[in-house]
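Enquirer: Input run.txt, format and content: compact mmCIF, C-alpha atoms.
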```txt
# COMPACT_ATOMS: atom_id res chain seq x y z
CA MET X 1 0.00 0.00 0.00
CA PHE X 2 1.61 3.21 -1.18
CA GLN X 3 0.49 6.35 0.58
CA GLY X 4 1.82 9.79 1.39
CA ALA X 5 3.30 12.58 -0.71
CA ALA X 6 7.02 13.24 -1.06
CA ALA X 7 8.69 16.29 -2.57
CA LEU X 8 11.57 14.98 -4.69
CA SER X 9 13.98 16.15 -7.36
CA LEU X 10 14.74 14.73 -10.76
CA ASP X 11 18.46 14.49 -11.46
CA ALA X 12 20.13 15.93 -14.57
CA LYS X 13 19.41 12.69 -16.49
CA GLY X 14 15.70 12.74 -15.60
CA ARG X 15 15.94 10.00 -12.98
CA LEU X 16 13.74 9.89 -9.90
CA ALA X 17 15.06 8.40 -6.66
CA ILE X 18 12.23 6.34 -5.19
CA PRO X 19 12.00 7.03 -1.43
CA SER X 20 13.60 4.24 0.58
CA ARG X 21 10.32 3.50 2.39
CA HIS X 22 8.86 2.31 -0.94
CA ARG X 23 11.89 0.64 -2.53
CA ASP X 24 11.67 -2.64 -0.66
CA ALA X 25 7.96 -3.05 -1.42
CA LEU X 26 8.55 -2.34 -5.12
CA THR X 27 11.41 -4.82 -5.18
CA VAL X 28 9.28 -7.51 -3.55
CA MET X 29 6.19 -6.80 -5.67
CA SER X 30 7.83 -6.45 -9.05
CA SER X 31 11.61 -6.93 -8.75
CA GLY X 32 11.86 -3.18 -9.36
CA GLN X 33 10.03 -3.46 -12.71
CA LEU X 34 7.75 -0.44 -13.17
CA VAL X 35 5.43 0.96 -15.80
CA ILE X 36 5.19 4.72 -16.13
CA THR X 37 2.44 6.26 -18.22
CA ALA X 38 0.44 9.45 -18.73
CA HIS X 39 -2.74 10.37 -16.85
CA PRO X 40 -5.46 12.66 -18.26
CA HIS X 41 -4.86 15.15 -15.42
CA ARG X 42 -1.33 15.80 -16.76
CA CYS X 43 0.50 13.82 -14.14
CA LEU X 44 2.20 10.46 -14.56
CA LEU X 45 1.18 7.10 -13.16
CA VAL X 46 3.89 4.83 -11.75
CA TYR X 47 2.81 1.20 -11.35
CA PRO X 48 4.61 -1.97 -10.27
CA VAL X 49 4.19 -4.24 -13.31
CA PRO X 50 1.79 -6.73 -11.61
CA ALA X 51 -0.59 -3.89 -10.66
CA TRP X 52 -0.43 -2.35 -14.14
CA GLU X 53 -1.10 -5.47 -16.22
CA PRO X 54 -4.82 -5.91 -15.35
CA ILE X 55 -5.45 -2.23 -16.05
CA ARG X 56 -3.65 -2.42 -19.39
CA ASP X 57 -5.56 -5.55 -20.34
CA LYS X 58 -8.90 -3.94 -19.50
CA VAL X 59 -8.08 -0.80 -21.48
CA LEU X 60 -6.92 -2.87 -24.47
CA ALA X 61 -10.12 -4.94 -24.39
CA ALA X 62 -12.23 -1.83 -25.05
CA PRO X 63 -13.45 -1.33 -28.63
CA SER X 64 -10.87 0.48 -30.76
CA LEU X 65 -13.46 2.17 -32.95
CA GLU X 66 -15.24 3.82 -30.02
CA ALA X 67 -13.72 7.32 -29.85
CA ARG X 68 -13.24 7.64 -26.06
CA SER X 69 -11.82 4.13 -25.78
CA ALA X 70 -9.37 4.85 -28.57
CA LEU X 71 -8.29 8.09 -26.89
CA LEU X 72 -7.79 6.34 -23.58
CA LYS X 73 -5.75 3.58 -25.24
CA ARG X 74 -3.53 6.15 -26.93
CA LEU X 75 -2.96 7.93 -23.65
CA LEU X 76 -2.51 5.06 -21.19
CA VAL X 77 -0.98 2.37 -23.39
CA GLY X 78 0.59 4.67 -25.96
CA PHE X 79 2.64 6.52 -23.35
CA ALA X 80 3.38 3.43 -21.20
CA ARG X 81 7.07 2.75 -20.66
CA ASP X 82 8.66 -0.24 -18.96
CA GLU X 83 11.37 0.99 -16.62
CA GLU X 84 13.51 -0.67 -13.99
CA MET X 85 14.78 0.72 -10.72
CA ASP X 86 18.57 0.74 -10.68
CA ALA X 87 20.70 -0.45 -7.75
CA ALA X 88 20.39 3.01 -6.15
CA GLY X 89 16.56 2.92 -6.33
CA ARG X 90 16.35 5.41 -9.19
CA VAL X 91 14.03 5.15 -12.17
CA LEU X 92 14.32 7.02 -15.45
CA ILE X 93 11.42 9.26 -16.42
CA ALA X 94 11.51 9.34 -20.23
CA PRO X 95 11.74 12.78 -21.89
CA GLU X 96 8.33 12.44 -23.59
CA LEU X 97 6.70 11.67 -20.24
CA ARG X 98 8.51 14.56 -18.54
CA GLN X 99 7.27 16.83 -21.32
CA PHE X 100 3.69 15.54 -21.08
CA ALA X 101 3.51 16.14 -17.32
CA GLN X 102 5.57 19.34 -17.52
CA LEU X 103 8.08 17.98 -15.03
CA ASP X 104 11.03 20.12 -14.07
CA LYS X 105 13.51 19.44 -11.32
CA GLN X 106 11.02 19.60 -8.40
CA VAL X 107 8.34 16.87 -8.45
CA TRP X 108 5.85 15.21 -6.10
CA LEU X 109 5.46 11.45 -5.75
CA VAL X 110 2.01 10.74 -4.32
CA GLY X 111 1.01 7.28 -3.11
CA GLN X 112 -2.36 6.05 -4.39
CA GLY X 113 -2.63 2.57 -2.89
CA ASN X 114 -1.28 0.20 -5.54
CA HIS X 115 0.52 2.89 -7.55
CA PHE X 116 1.89 6.43 -7.46
CA GLU X 117 1.09 9.66 -9.20
CA LEU X 118 4.04 11.83 -10.22
CA TRP X 119 3.26 15.55 -10.41
CA SER X 120 5.15 18.67 -11.36
CA ASP X 121 5.43 21.05 -8.43
CA ALA X 122 3.05 23.50 -10.14
CA GLY X 123 0.58 20.72 -11.01
CA TRP X 124 0.54 19.39 -7.44
CA GLN X 125 0.03 22.88 -6.00
CA LYS X 126 -2.88 23.40 -8.42
CA GLN X 127 -4.43 20.11 -7.28
CA GLN X 128 -4.20 21.25 -3.68
CA GLU X 129 -5.88 24.57 -4.48
CA GLU X 130 -8.68 22.81 -6.40
CA MET X 131 -9.21 20.40 -3.51
CA LEU X 132 -9.46 23.20 -0.95
CA ALA X 133 -11.81 25.18 -3.18
CA GLN X 134 -14.29 22.26 -3.10
CA GLY X 135 -14.95 22.82 0.61
CA ALA X 136 -17.99 20.83 1.74
CA ASP X 137 -18.56 19.57 -1.82
CA LEU X 138 -15.31 17.58 -1.81
CA LEU X 139 -16.88 14.19 -1.11
CA PRO X 140 -18.10 12.45 -4.29
CA PRO X 141 -21.30 10.39 -4.46
CA GLY X 142 -20.98 7.23 -2.41
CA LEU X 143 -18.62 8.76 0.15
CA GLU X 144 -21.05 11.19 1.80
CA THR X 145 -21.07 9.19 5.03
CA LEU X 146 -17.28 8.91 5.27
CA SER X 147 -16.17 9.66 8.79
CA LEU X 148 -12.63 10.92 9.28
```
Starting from the file, lay out its structure as structure tokens.
Expert:
Amino acid sequence: MFQGAAALSLDAKGRLAIPSRHRDALTVMSSGQLVITAHPHRCLLVYPVPAWEPIRDKVLAAPSLEARSALLKRLLVGFARDEEMDAAGRVLIAPELRQFAQLDKQVWLVGQGNHFELWSDAGWQKQQEEMLAQGADLLPPGLETLSL
């Protein structure tokens, strides 16, 4: 279970050092094999391979001639890159993915249960502002009775 947000920096080669608290779990789950792809909100998704494969299969099973399905396939599968953590726990973020998510040096790695989101600093700050602006309307249908 990946949770929490971490402010991190990409190195000069575009590599991200995965926080040590997550490295062991990623090594156990997927031998450090990750899939990184684009998300419609202009962040990146970082999945251990076993968590990504059922999502990929479901997306690929959708009809190719249906316009929204085709767009989703192009985004999620078209941008998907297989990457491997190196011995230092770093993973390369490909230039096209960095460009898509507008990633500079400062980034945010945000745990989302079975995967991570990777945000630019500006994108993450915008998400925070949008969340706070929701106020009492933040809870979506089905979560109205959530007690925190």
Enquirer: Which residue is closest to Ala38 of chain X? Choose from X:Leu16, X:Ala70, X:Val59, X:Gln99 and count all atoms listed in the file.
Expert: X:Gln99
Enquirer: With distances taken over only C-alpha atoms, which residue among X:Glu83, X:Asp11, X:Arg42, X:His115 lies nearest Ala25 of chain X?
Expert: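 For Ala25 of chain X, the nearest of the given residues is X:His115.
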Enquirer: Excluding Ala12 of chain X and residues on its chain fewer than 5 positions from it, collect all residues at most 12 Å away from it, counting only C-alpha atoms, and give them as an MDAnalysis selection string.
Expert: chainID X and resid 92:93 95 104:106
Enquirer: Which one is closest to Phe2 of chain X: X:Asp137, X:Glu117, X:Glu66, X:Glu130? Count only C-alpha atoms.
Expert: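 Checking each candidate against Phe2 of chain X, we get X:Glu117 as the closest.
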Enquirer: Give me, please, the distance in Å between atom CA of Gly78 of chain X and atom CA of Pro54 of chain X, quoted to one decimal.
Expert: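 Atom-to-atom, atom CA of Gly78 of chain X to atom CA of Pro54 of chain X, that is 15.9 Å.
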Enquirer: Counting only C-alpha atoms, which residue out of X:Leu143, X:Ile18, X:Val28, X:Met1 sits closest to Gln112 of chain X?
Expert: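 Of the candidates, the smallest distance to Gln112 of chain X is held by X:Met1.
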Enquirer: Could you check how far atom CA of Ser9 of chain X sits from atom CA of Asp121 of chain X, in Å to one decimal?
Expert: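 Straight-line distance from atom CA of Ser9 of chain X to atom CA of Asp121 of chain X works out to 9.9 Å.
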